[in-house]
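Engineer: Handing over protein02.txt, compact mmCIF, C-alpha atoms.
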```
# COMPACT_ATOMS: atom_id res chain seq x y z
CA MET A 20 21.67 -96.80 45.79
CA ALA A 21 24.78 -98.82 45.00
CA ASP A 22 27.24 -96.02 45.78
CA ALA A 23 25.52 -94.83 48.98
CA ILE A 24 27.11 -95.42 52.37
CA ALA A 25 24.93 -97.52 54.67
CA ILE A 26 23.95 -96.28 58.12
CA TYR A 27 23.00 -98.95 60.65
CA LEU A 28 21.21 -98.36 63.93
CA VAL A 29 22.66 -100.82 66.46
CA ASN A 30 22.56 -101.54 70.16
CA GLU A 31 25.27 -103.46 71.97
CA GLU A 32 23.83 -106.87 71.14
CA GLU A 33 23.26 -106.05 67.45
CA LEU A 34 26.78 -104.72 67.18
CA GLN A 35 28.13 -108.10 68.20
CA THR A 36 25.74 -110.26 66.15
CA ASP A 37 25.32 -108.21 62.98
CA HIS A 38 28.68 -106.46 62.63
CA PRO A 39 31.40 -108.83 63.91
CA ASP A 40 33.74 -107.64 61.15
CA SER A 41 33.75 -104.20 62.78
CA ALA A 42 34.35 -105.35 66.35
CA ALA A 43 38.06 -104.50 66.52
CA TRP A 44 37.58 -101.04 65.04
CA CYS A 45 34.63 -100.27 67.33
CA GLN A 46 36.63 -101.40 70.36
CA ALA A 47 39.52 -99.15 69.39
CA ALA A 48 37.10 -96.25 68.87
CA GLY A 49 35.31 -96.86 72.17
CA PHE A 50 31.99 -97.53 70.46
CA SER A 51 29.69 -100.17 71.93
CA GLY A 52 26.31 -99.09 70.57
CA GLN A 53 25.71 -96.31 73.10
CA THR A 54 22.58 -94.33 72.28
CA GLY A 55 23.36 -91.40 70.01
CA LYS A 56 27.04 -92.26 69.51
CA VAL A 57 28.37 -92.57 65.96
CA CYS A 58 31.20 -94.68 64.61
CA LEU A 59 32.53 -94.47 61.02
CA ILE A 60 33.83 -97.84 59.81
CA PRO A 61 36.45 -97.80 57.02
CA ASP A 62 36.44 -100.21 54.10
CA ALA A 63 39.51 -101.95 52.65
CA THR A 64 40.51 -98.82 50.72
CA GLY A 65 40.34 -96.54 53.75
CA LYS A 66 37.13 -94.83 52.69
CA ILE A 67 33.97 -94.87 54.79
CA GLY A 68 32.48 -98.33 54.43
CA LYS A 69 29.50 -97.89 56.75
CA VAL A 70 28.28 -95.84 59.68
CA LEU A 71 27.09 -97.30 62.96
CA VAL A 72 24.76 -95.26 65.18
CA GLY A 73 23.75 -96.21 68.72
CA ARG A 74 20.09 -97.20 68.62
CA PRO A 75 17.85 -95.61 71.28
CA ASP A 76 15.21 -97.70 73.01
CA THR A 77 12.61 -95.77 71.03
CA ILE A 78 13.37 -94.32 67.62
CA ASP A 79 12.16 -90.75 67.29
CA THR A 80 12.32 -87.97 64.72
CA TRP A 81 15.61 -86.64 66.11
CA THR A 82 17.59 -89.91 66.20
CA LEU A 83 19.62 -89.08 63.07
CA ALA A 84 18.95 -85.34 62.92
CA SER A 85 22.49 -84.26 63.83
CA LEU A 86 24.13 -86.35 61.06
CA PRO A 87 23.57 -84.11 58.00
CA LYS A 88 26.01 -81.59 59.45
CA THR A 89 28.39 -83.99 61.24
CA LEU A 90 28.96 -86.76 58.70
CA PRO A 91 31.33 -86.18 55.79
CA ALA A 92 29.56 -84.93 52.66
CA GLY A 93 28.20 -87.75 50.55
CA THR A 94 25.09 -89.84 50.00
CA TYR A 95 23.92 -92.25 52.68
CA THR A 96 21.21 -94.86 52.98
CA LEU A 97 19.59 -96.63 55.93
CA GLY A 98 20.68 -100.24 56.25
CA ASN A 99 17.97 -101.28 58.71
CA ALA A 100 14.58 -102.61 57.68
CA LEU A 101 12.10 -100.14 59.17
CA ALA A 102 8.36 -99.76 59.53
CA ILE A 103 6.74 -96.85 57.67
CA ALA A 104 6.37 -94.72 60.82
CA ASN A 105 10.01 -95.05 61.88
CA ALA A 106 11.35 -94.63 58.35
CA THR A 107 9.31 -91.46 57.97
CA LYS A 108 10.44 -90.10 61.32
CA LEU A 109 14.11 -90.71 60.58
CA TYR A 110 13.94 -89.23 57.09
CA LEU A 111 12.05 -86.17 58.33
CA GLY A 112 14.53 -85.62 61.14
CA TRP A 113 17.39 -85.78 58.65
CA GLN A 114 15.73 -83.16 56.46
CA LEU A 115 15.00 -80.86 59.41
CA GLY A 116 18.59 -81.30 60.57
CA SER A 117 19.80 -80.05 57.18
CA TYR A 118 18.32 -76.57 57.71
CA SER A 119 20.46 -73.45 57.97
CA PHE A 120 19.56 -69.78 57.93
CA ASP A 121 22.35 -68.14 55.92
CA ARG A 122 20.48 -65.39 54.08
CA TYR A 123 22.72 -62.68 55.51
CA LYS A 124 26.06 -64.54 55.41
CA LEU A 125 28.67 -64.06 52.70
CA THR A 126 29.82 -67.63 53.28
CA LYS A 127 26.92 -69.97 52.68
CA THR A 128 26.33 -73.36 54.27
CA SER A 129 28.73 -76.00 53.01
CA ILE A 130 27.62 -79.15 51.21
CA LEU A 131 25.82 -81.46 53.62
CA ALA A 132 25.47 -85.20 53.88
CA LYS A 133 22.39 -86.44 52.01
CA LEU A 134 20.12 -89.36 52.91
CA HIS A 135 18.48 -91.43 50.20
CA PRO A 136 14.77 -91.90 51.00
CA PRO A 137 14.40 -95.13 52.98
CA ASP A 138 12.15 -97.93 51.78
CA HIS A 139 8.47 -97.43 52.69
CA VAL A 140 8.98 -93.80 53.70
CA ASP A 141 6.08 -91.37 53.21
CA VAL A 142 8.02 -89.04 50.90
CA THR A 143 5.02 -86.78 50.25
CA TYR A 144 4.53 -86.09 53.95
CA VAL A 145 8.23 -85.53 54.60
CA LYS A 146 8.45 -83.06 51.72
CA ALA A 147 5.40 -81.15 52.92
CA ALA A 148 6.51 -81.06 56.57
CA THR A 149 10.07 -80.08 55.67
CA GLU A 150 9.07 -77.24 53.35
CA ALA A 151 6.51 -75.92 55.83
CA THR A 152 8.99 -76.02 58.71
CA TYR A 153 11.62 -74.25 56.62
CA LEU A 154 9.04 -71.59 55.75
CA VAL A 155 8.19 -70.99 59.41
CA ARG A 156 11.85 -70.90 60.43
CA ASP A 157 12.76 -68.47 57.65
CA LEU A 158 9.86 -66.13 58.42
CA ILE A 159 10.52 -65.95 62.16
CA THR A 160 14.30 -65.71 61.96
CA THR A 161 14.27 -62.95 59.34
CA PRO A 162 14.82 -59.61 61.12
CA SER A 163 11.98 -57.14 61.33
CA ASN A 164 13.50 -54.69 58.86
CA ASN A 165 12.87 -57.35 56.21
CA MET A 166 9.78 -58.95 57.76
CA GLY A 167 6.93 -56.51 58.24
CA PRO A 168 3.20 -56.73 57.55
CA ASP A 169 3.86 -56.20 53.85
CA GLN A 170 6.28 -59.14 53.69
CA LEU A 171 3.77 -61.38 55.46
CA GLU A 172 1.27 -60.36 52.81
CA GLU A 173 3.79 -61.12 50.04
CA THR A 174 4.47 -64.56 51.51
CA THR A 175 0.75 -65.32 51.69
CA ARG A 176 0.24 -64.20 48.11
CA SER A 177 3.11 -66.44 46.98
CA LEU A 178 1.49 -69.42 48.70
CA ALA A 179 -1.84 -68.54 47.12
CA GLU A 180 -0.30 -68.40 43.66
CA ARG A 181 1.48 -71.72 44.17
CA TYR A 182 -1.66 -73.54 45.33
CA GLU A 183 -4.34 -71.60 43.44
CA ALA A 184 -5.83 -70.06 46.57
CA LYS A 185 -7.51 -66.68 46.88
CA VAL A 186 -6.25 -63.79 49.00
CA GLU A 187 -7.94 -60.60 50.13
CA VAL A 188 -6.21 -57.92 52.20
CA ILE A 189 -7.71 -55.07 54.22
CA ALA A 190 -5.03 -52.53 55.13
CA GLY A 191 -4.55 -49.18 56.82
CA GLY A 192 -7.64 -47.00 57.28
CA ASP A 193 -9.79 -49.54 55.46
CA LEU A 194 -9.59 -51.64 58.63
CA VAL A 195 -11.72 -49.02 60.35
CA ILE A 196 -14.17 -48.87 57.46
CA GLU A 197 -14.47 -52.69 57.42
CA ASN A 198 -14.81 -52.84 61.22
CA TYR A 199 -11.48 -54.28 62.40
CA PRO A 200 -10.86 -51.45 64.86
CA MET A 201 -8.48 -53.20 67.25
CA ILE A 202 -6.15 -54.41 64.49
CA TYR A 203 -5.98 -50.81 63.27
CA ALA A 204 -5.51 -49.36 66.76
CA VAL A 205 -2.54 -51.59 67.55
CA GLY A 206 -0.79 -51.04 64.22
CA LYS A 207 -1.60 -47.42 63.36
CA ALA A 208 1.58 -45.93 64.91
CA SER A 209 3.86 -47.80 62.52
CA THR A 210 4.95 -46.46 59.14
CA ARG A 211 4.10 -49.95 57.85
CA ALA A 212 0.33 -50.21 57.56
CA PRO A 213 -1.51 -52.82 59.64
CA ARG A 214 -3.58 -55.32 57.70
CA LEU A 215 -5.81 -58.37 57.85
CA ILE A 216 -4.67 -61.02 55.37
CA ASP A 217 -7.40 -63.49 54.36
CA LEU A 218 -6.55 -66.66 52.37
CA ARG A 219 -9.13 -69.19 51.17
CA TRP A 220 -8.52 -72.58 49.54
CA GLY A 221 -10.28 -75.86 48.97
CA ASN A 222 -13.74 -77.24 48.45
CA PRO A 223 -16.49 -75.01 49.89
CA ASP A 224 -18.53 -78.13 50.68
CA ALA A 225 -15.73 -79.78 52.70
CA PRO A 226 -15.30 -79.44 56.49
CA LYS A 227 -14.36 -75.86 57.27
CA VAL A 228 -11.05 -75.33 59.06
CA THR A 229 -10.03 -71.78 59.95
CA LEU A 230 -6.57 -70.79 61.14
CA VAL A 231 -5.84 -67.46 62.81
CA GLY A 232 -2.31 -66.14 63.35
CA LYS A 233 -0.85 -63.35 65.44
CA GLY A 234 1.40 -61.38 63.11
CA VAL A 235 3.06 -58.73 65.28
CA CYS A 236 6.14 -58.19 63.14
CA PHE A 237 7.90 -56.27 65.87
CA ASP A 238 6.67 -55.50 69.37
CA SER A 239 8.20 -52.51 71.10
CA GLY A 240 5.53 -52.83 73.77
CA GLY A 241 3.97 -49.61 72.54
CA LEU A 242 3.83 -46.75 75.05
CA ASP A 243 4.16 -49.36 77.83
CA VAL A 244 7.56 -49.85 76.29
CA LYS A 245 9.55 -53.05 76.75
CA SER A 246 13.07 -53.08 78.13
CA ALA A 247 15.98 -53.61 75.76
CA THR A 248 16.17 -57.23 76.92
CA GLY A 249 12.44 -57.67 76.43
CA MET A 250 12.63 -56.31 72.89
CA ARG A 251 15.62 -58.38 71.86
CA LEU A 252 13.67 -61.28 70.34
CA MET A 253 10.54 -59.40 69.35
CA LYS A 254 11.12 -60.09 65.67
CA LYS A 255 9.61 -63.47 66.59
CA ASP A 256 6.29 -61.98 67.68
CA MET A 257 4.83 -62.84 64.28
CA GLY A 258 5.50 -66.52 64.99
CA GLY A 259 1.80 -67.35 65.16
CA ALA A 260 1.27 -65.97 61.67
CA ALA A 261 4.27 -67.95 60.41
CA GLN A 262 2.95 -71.14 61.99
CA VAL A 263 -0.56 -70.93 60.53
CA LEU A 264 0.98 -70.25 57.10
CA GLY A 265 3.09 -73.37 57.62
CA ILE A 266 0.03 -75.45 58.52
CA ALA A 267 -1.77 -74.05 55.49
CA GLN A 268 1.12 -74.97 53.23
CA MET A 269 1.08 -78.55 54.53
CA ILE A 270 -2.68 -78.79 54.01
CA MET A 271 -2.48 -77.46 50.46
CA GLU A 272 0.64 -79.43 49.50
CA ILE A 273 -0.89 -82.74 50.62
CA GLY A 274 -4.34 -81.78 49.42
CA LEU A 275 -6.43 -82.43 52.51
CA PRO A 276 -10.18 -82.34 51.76
CA VAL A 277 -10.93 -79.15 53.68
CA ASN A 278 -12.48 -75.76 53.17
CA LEU A 279 -9.51 -73.77 54.45
CA ARG A 280 -9.47 -70.17 55.61
CA VAL A 281 -6.40 -68.44 57.05
CA LEU A 282 -6.64 -65.06 58.78
CA VAL A 283 -3.41 -63.25 59.65
CA ALA A 284 -3.60 -60.04 61.65
CA ALA A 285 -0.34 -58.35 60.66
CA VAL A 286 0.84 -55.24 62.52
CA GLU A 287 3.88 -53.58 64.04
CA ASN A 288 3.40 -52.36 67.62
CA SER A 289 5.30 -49.09 67.46
CA ILE A 290 5.70 -45.87 69.44
CA ALA A 291 4.55 -42.58 67.91
CA GLY A 292 2.32 -39.63 68.68
CA ASN A 293 -0.74 -41.50 67.49
CA ALA A 294 0.07 -44.75 69.33
CA LEU A 295 -2.47 -46.63 71.40
CA ARG A 296 -2.38 -45.32 75.00
CA PRO A 297 -2.84 -47.06 78.35
CA LEU A 298 -6.47 -46.85 79.48
CA ASP A 299 -7.76 -46.06 76.01
CA ILE A 300 -11.05 -47.83 75.38
CA LEU A 301 -11.55 -49.66 72.09
CA THR A 302 -14.68 -51.09 70.56
CA SER A 303 -13.96 -54.51 69.08
CA ARG A 304 -15.40 -56.03 65.91
CA LYS A 305 -17.76 -57.96 68.17
CA GLY A 306 -18.98 -54.71 69.72
CA THR A 307 -17.43 -55.43 73.12
CA THR A 308 -15.57 -52.49 74.62
CA ILE A 309 -12.00 -53.12 75.80
CA GLU A 310 -10.03 -51.01 78.24
CA VAL A 311 -6.34 -51.14 77.38
CA GLY A 312 -4.68 -51.94 80.67
CA ASN A 313 -1.33 -52.38 78.95
CA THR A 314 -0.30 -51.61 75.35
CA ASP A 315 2.15 -54.54 75.50
CA ALA A 316 -0.81 -56.96 75.62
CA GLU A 317 -1.54 -56.11 72.01
CA GLY A 318 -1.55 -59.58 70.48
CA ARG A 319 -4.84 -60.55 72.07
CA LEU A 320 -6.45 -57.35 70.74
CA ILE A 321 -5.65 -58.09 67.10
CA LEU A 322 -6.52 -61.76 67.53
CA ALA A 323 -9.90 -60.82 69.02
CA ASP A 324 -11.02 -59.03 65.87
CA ALA A 325 -9.76 -61.87 63.67
CA LEU A 326 -11.33 -64.59 65.84
CA TRP A 327 -14.72 -62.90 65.82
CA GLU A 328 -14.60 -62.75 62.03
CA ALA A 329 -13.52 -66.41 61.91
CA SER A 330 -16.42 -67.36 64.21
CA SER A 331 -18.93 -65.65 61.94
CA GLU A 332 -18.61 -68.54 59.46
CA ASP A 333 -19.09 -71.25 62.11
CA PRO A 334 -16.06 -73.37 61.16
CA ASP A 335 -15.88 -77.04 62.14
CA LEU A 336 -12.50 -76.36 63.71
CA LEU A 337 -10.94 -73.02 64.66
CA ILE A 338 -7.24 -72.81 65.60
CA ASP A 339 -5.26 -69.74 66.55
CA CYS A 340 -1.51 -69.65 67.08
CA ALA A 341 0.31 -66.88 68.92
CA THR A 342 3.52 -66.05 70.72
CA LEU A 343 1.24 -64.59 73.34
CA THR A 344 2.46 -64.76 76.94
CA GLY A 345 5.63 -65.08 78.96
CA ALA A 346 3.48 -66.82 81.55
CA ALA A 347 3.16 -69.89 79.32
CA ARG A 348 6.95 -70.01 79.04
CA VAL A 349 7.30 -69.82 82.82
CA ALA A 350 4.84 -72.70 83.17
CA LEU A 351 6.21 -75.01 80.47
CA GLY A 352 9.54 -73.63 79.34
CA THR A 353 10.37 -72.40 75.85
CA GLU A 354 10.25 -75.73 74.01
CA LEU A 355 6.82 -77.06 74.99
CA PRO A 356 3.86 -75.10 73.60
CA ALA A 357 0.79 -74.56 75.75
CA PHE A 358 -2.64 -74.99 74.27
CA PHE A 359 -6.16 -74.36 75.46
CA CYS A 360 -9.23 -76.06 74.03
CA ASN A 361 -12.96 -76.00 74.69
CA ASP A 362 -13.51 -79.54 73.31
CA ASN A 363 -12.28 -82.52 75.36
CA GLY A 364 -12.24 -84.88 72.39
CA VAL A 365 -10.11 -82.49 70.35
CA THR A 366 -7.81 -81.98 73.33
CA LYS A 367 -7.08 -85.71 73.65
CA THR A 368 -6.55 -86.13 69.91
CA LEU A 369 -4.07 -83.26 69.79
CA LEU A 370 -2.16 -84.46 72.85
CA ASP A 371 -1.87 -87.96 71.39
CA ALA A 372 -0.88 -86.68 67.96
CA GLY A 373 1.90 -84.54 69.38
CA LEU A 374 3.36 -87.40 71.40
CA ASN A 375 3.11 -89.87 68.51
CA ILE A 376 5.02 -87.70 66.04
CA ASP A 377 7.51 -86.04 68.42
CA ASP A 378 5.86 -82.62 68.23
CA PRO A 379 4.30 -82.34 71.69
CA LEU A 380 2.03 -79.69 73.16
CA TRP A 381 0.62 -79.51 76.68
CA ASN A 382 -2.93 -78.66 77.69
CA LEU A 383 -3.64 -75.85 80.15
CA PRO A 384 -7.13 -75.16 81.52
CA LEU A 385 -9.66 -72.54 80.51
CA HIS A 386 -10.29 -71.93 84.21
CA THR A 387 -13.44 -69.85 84.12
CA ALA A 388 -13.10 -68.69 87.74
CA TYR A 389 -10.33 -66.38 86.52
CA ARG A 390 -12.62 -64.61 84.03
CA SER A 391 -13.58 -61.97 86.59
CA MET A 392 -9.93 -60.88 86.70
CA LEU A 393 -10.53 -59.31 83.26
CA ASP A 394 -13.39 -57.11 84.46
CA SER A 395 -13.07 -53.36 83.95
CA PRO A 396 -14.90 -50.65 85.91
CA VAL A 397 -15.36 -48.54 82.74
CA ALA A 398 -15.61 -51.03 79.85
CA ASP A 399 -16.86 -54.53 79.15
CA MET A 400 -13.38 -55.99 79.64
CA ASN A 401 -9.76 -55.13 80.27
CA ASN A 402 -7.06 -56.61 78.02
CA ILE A 403 -4.98 -57.61 81.05
CA ALA A 404 -5.88 -59.32 84.30
CA SER A 405 -6.08 -57.57 87.65
CA GLY A 406 -3.51 -59.98 89.13
CA SER A 407 -0.05 -61.04 88.02
CA TYR A 408 -0.59 -64.82 88.16
CA GLY A 409 -2.11 -67.21 85.64
CA GLY A 410 -1.32 -64.89 82.75
CA SER A 411 -1.55 -67.47 80.00
CA ILE A 412 -4.97 -68.61 81.28
CA THR A 413 -6.41 -65.10 81.52
CA ALA A 414 -5.10 -64.34 78.02
CA ALA A 415 -6.85 -67.45 76.71
CA LEU A 416 -10.04 -66.49 78.54
CA PHE A 417 -9.87 -63.07 76.89
CA LEU A 418 -9.67 -64.71 73.45
CA GLN A 419 -12.49 -67.12 74.30
CA GLU A 420 -14.83 -64.12 74.57
CA PHE A 421 -14.47 -63.74 70.79
CA VAL A 422 -15.20 -67.38 69.85
CA GLN A 423 -18.75 -68.65 69.54
CA PRO A 424 -19.20 -71.30 72.28
CA ASP A 425 -20.40 -74.05 69.93
CA ILE A 426 -17.20 -73.94 67.82
CA SER A 427 -14.38 -76.39 68.55
CA TRP A 428 -11.50 -74.03 69.26
CA ILE A 429 -7.80 -74.43 70.02
CA HIS A 430 -5.54 -71.60 71.17
CA VAL A 431 -1.80 -72.32 70.97
CA ASP A 432 0.54 -70.13 73.01
CA PHE A 433 4.12 -70.93 72.02
CA MET A 434 7.65 -69.52 72.00
CA GLY A 435 8.35 -69.86 68.28
CA TYR A 436 12.10 -69.63 68.89
CA ASN A 437 14.74 -72.13 69.97
CA LEU A 438 17.06 -70.65 72.57
CA ARG A 439 19.44 -73.60 72.23
CA SER A 440 20.39 -75.91 69.39
CA LEU A 441 19.23 -79.53 69.55
CA PRO A 442 19.47 -82.19 66.82
CA GLY A 443 17.19 -81.04 64.00
CA ARG A 444 16.14 -77.91 65.90
CA PRO A 445 18.77 -75.17 65.52
CA GLU A 446 18.77 -71.98 67.54
CA GLY A 447 16.37 -69.52 65.94
CA GLY A 448 12.77 -69.37 64.79
CA ASP A 449 10.87 -72.65 64.66
CA ALA A 450 7.49 -74.28 64.26
CA MET A 451 6.25 -75.77 67.52
CA GLY A 452 3.19 -77.99 67.43
CA MET A 453 2.63 -77.36 63.71
CA ARG A 454 2.91 -81.00 62.64
CA ALA A 455 0.68 -82.10 65.53
CA LEU A 456 -1.98 -79.58 64.51
CA PHE A 457 -1.78 -80.81 60.93
CA GLU A 458 -2.23 -84.39 62.15
CA LEU A 459 -5.28 -83.37 64.17
CA ILE A 460 -6.84 -81.70 61.14
CA LYS A 461 -6.04 -84.71 58.96
CA GLN A 462 -7.68 -87.10 61.42
CA ARG A 463 -10.83 -84.99 61.58
CA VAL A 464 -11.36 -84.64 57.83
CA THR A 465 -10.16 -87.96 56.37
```
Could the structure of this file be written out as structure tokens, please?

Structural biologist:
Amino acid sequence: MADAIAIYLVNEEELQTDHPDSAAWCQAAGFSGQTGKVCLIPDATGKIGKVLVGRPDTIDTWTLASLPKTLPAGTYTLGNALAIANATKLYLGWQLGSYSFDRYKLTKTSILAKLHPPDHVDVTYVKAATEATYLVRDLITTPSNNMGPDQLEETTRSLAERYEAKVEVIAGGDLVIENYPMIYAVGKASTRAPRLIDLRWGNPDAPKVTLVGKGVCFDSGGLDVKSATGMRLMKKDMGGAAQVLGIAQMIMEIGLPVNLRVLVAAVENSIAGNALRPLDILTSRKGTTIEVGNTDAEGRLILADALWEASSEDPDLLIDCATLTGAARVALGTELPAFFCNDNGVTKTLLDAGLNIDDPLWNLPLHTAYRSMLDSPVADMNNIASGSYGGSITAALFLQEFVQPDISWIHVDFMGYNLRSLPGRPEGGDAMGMRALFELIKQRVT
């Protein structure tokens, strides 16, 4: 674009060789091509003539992600010649850095700097990834009074209408009739009915990919009530549902050749006279009996019913996403999702995909020696382990009981919420590992 302001990525050497006309100004501004530093160069009229940005050793998605909100409003273009991968990363990072959640603010976000799509960029992918990420962020950041099981259903129905998918919903007492007893048991104390949301899209003859999401729209902890601090961010406990809807949107927007099914177990874990009690025994959809060692370990209960239903169709790939355990956050922090997988080939592909596109996850083991920690003296299993260590592993082992062993299965245990703002990743709800999971699916079906 002729009227766009050029942005150049430069290191110290390139600053000297490619921009000698700017040397005096850069020296006065203290800019020498330091990684991440930005220098605005004026033209003869005093307006911005170009922008110089310190080039990192390796360009990643976040290299330019702070600029949409820090550069003066206007249209910019990349002056460097870039390979498709780097152009796509930079353009995606710019789009993700343009996000704001201002639904509840009287003063909306001001006009941001815009980036013209670079040459060779994969615009279709960037559009799909941006819209899906925005969807996930909006869903998680929205407070629970406006984001209950019914709103998750509405969002799913909107996606289905947009992409000509089909949705079926089983809600309230019908969950008992249709044999989803643990979803009903967890959500029955809320005034907002629990439900299983079931979306289908694609070619029935294509590889079958099934996504399962934990949709606990608020988690009080139930009768094993959380502290005020523990409840503070529990609007994010439906992050797994948000993430699988984001993956589904990417799949449908790009049109991957898959037979897609999405199962969202949507509940609110509330306190009332009919709430699930500690040491209650539930019979799962599978038929396994579960002793409830703690009502605050409710996510694995609703996922178990949904995973057993997902397994009944023998998908080629089964993925569940859940904001499941604090133990995974202790192990890896809040910004690196943990995942468990029963297929070594899938594990390597997902690890590589995450690193290649700046959306990393880290593999933790399904250490079967810990399975006995879930034994119960009065039921087939307990929903919590007998010890306080290895909590993310024992939670994954619990879920594995509801997945047929011959199915390639991934369980993602992630925070779903940024506690600090980084370039392109503002504080608030966020997708974590979503793009990597999409890349894995794409590689397996194309």

Engineer: Taking 3 positions as the minimum chain separation for residues in the same chain, which residues sit within 6 Å of range 162-167 of chain A when counting all atoms listed in the file? Answer as an mmCIF file with C-alpha atoms, in the coordinates of the input.

Structural biologist:
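Generated file (around_28.cif):
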```cif
data_model
loop_
_atom_site.group_PDB
_atom_site.id
_atom_site.type_symbol
_atom_site.label_atom_id
_atom_site.label_comp_id
_atom_site.auth_asym_id
_atom_site.auth_seq_id
_atom_site.Cartn_x
_atom_site.Cartn_y
_atom_site.Cartn_z
ATOM 1 C CA GLN A 170 6.280 -59.140 53.690
ATOM 2 C CA CYS A 236 6.140 -58.190 63.140
ATOM 3 C CA LYS A 254 11.120 -60.090 65.670
#
```

Engineer: Kindly provide the residues of range 140-197 of chain A that approach range 300-318 of chain A to within 12 Å, each paired with its closest atom pair and their distance in Å to one decimal, based on all atoms listed in the file, listed by chain and increasing number, as JSON lines.

Structural biologist:
```
{"residue": "A:Leu194", "atom": "CA", "partner": "A:Arg304", "partner_atom": "CA", "distance": 10.3}
{"residue": "A:Val195", "atom": "CA", "partner": "A:Arg304", "partner_atom": "CA", "distance": 9.7}
{"residue": "A:Ile196", "atom": "CA", "partner": "A:Arg304", "partner_atom": "CA", "distance": 11.1}
{"residue": "A:Glu197", "atom": "CA", "partner": "A:Arg304", "partner_atom": "CA", "distance": 9.2}
```

Engineer: Determine the nearest neighbour of Leu171 in chain A from the options A:Ala151, A:Ala285, A:Leu28, A:Val205, counting only C-alpha atoms.

Structural biologist: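 Comparing A:Ala151, A:Ala285, A:Leu28, A:Val205 against Leu171 in chain A, the winner is A:Ala285.
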
Engineer: Interatomic distance between CA of Lys56 in chain A and CA of Val145 in chain A?

Structural biologist: 24.9 Å

Engineer: At a cut-off of 10 Å, using all atoms listed in the file, what residues contact Glu287 in chain A? Leave out same-chain residues fewer than 2 positions from it and give the result as a VMD selection string.

Structural biologist: chain A and resid 163 167 to 168 205 to 214 234 to 241 254 256 to 257 285 289 to 290 317

Engineer: One decimal, Å: what's the distance from CA of Phe433 in chain A over to CA of Ala346 in chain A, could you say?

Structural biologist: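 CA of Phe433 in chain A sits 10.4 Å away from CA of Ala346 in chain A.
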
Engineer: Between A:Thr152, A:Ser411, A:Gln114, A:Thr175, which residue has the minimum interatomic distance to Ala341 in chain A, considering all atoms listed in the file?

Structural biologist: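 Looking at the shortest contact to Ala341 in chain A, the residue is A:Ser411.
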
Engineer: Please indicate the distance in Å from CA of Met453 in chain A to CA of Pro379 in chain A, rounded to one decimal place.

Structural biologist: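 Result for CA of Met453 in chain A versus CA of Pro379 in chain A: 9.6 Å, one decimal.
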
Engineer: Ala450 in chain A: which residues within 12 Å, counting all atoms listed in the file, same-chain residues fewer than 3 positions away excluded, as an NGL selection string?

Structural biologist: :A and (115 or 148-160 or 255 or 257-266 or 340-342 or 354-356 or 378-380 or 431-437 or 443-447 or 453-457)

Engineer: Counting all atoms listed in the file, which residue out of A:Ala42, A:Leu109, A:Val286, A:Leu385 sits closest to Ser85 in chain A?

Structural biologist: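 Counting all atoms listed in the file, the residue closest to Ser85 in chain A is A:Leu109.
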
Engineer: Could you list, as a PyMOL selection string, every residue within 7 Å of range 177-191 of chain A, counting all atoms listed in the file and ignoring same-chain residues fewer than 3 positions away?

Structural biologist: chain A and resi 173-174+194+203+212-220+271

Engineer: What would the file look like if the residues just selected were written as a PDB file, in the coordinates of the input with C-alpha atoms?

Structural biologist:
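File result.pdb, as written:
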```pdb
ATOM      1  CA  GLU A 173       3.790 -61.120  50.040  1.00  0.00           C
ATOM      2  CA  THR A 174       4.470 -64.560  51.510  1.00  0.00           C
ATOM      3  CA  LEU A 194      -9.590 -51.640  58.630  1.00  0.00           C
ATOM      4  CA  TYR A 203      -5.980 -50.810  63.270  1.00  0.00           C
ATOM      5  CA  ALA A 212       0.330 -50.210  57.560  1.00  0.00           C
ATOM      6  CA  PRO A 213      -1.510 -52.820  59.640  1.00  0.00           C
ATOM      7  CA  ARG A 214      -3.580 -55.320  57.700  1.00  0.00           C
ATOM      8  CA  LEU A 215      -5.810 -58.370  57.850  1.00  0.00           C
ATOM      9  CA  ILE A 216      -4.670 -61.020  55.370  1.00  0.00           C
ATOM     10  CA  ASP A 217      -7.400 -63.490  54.360  1.00  0.00           C
ATOM     11  CA  LEU A 218      -6.550 -66.660  52.370  1.00  0.00           C
ATOM     12  CA  ARG A 219      -9.130 -69.190  51.170  1.00  0.00           C
ATOM     13  CA  TRP A 220      -8.520 -72.580  49.540  1.00  0.00           C
ATOM     14  CA  MET A 271      -2.480 -77.460  50.460  1.00  0.00           C
TER      15      MET A 271
END
```
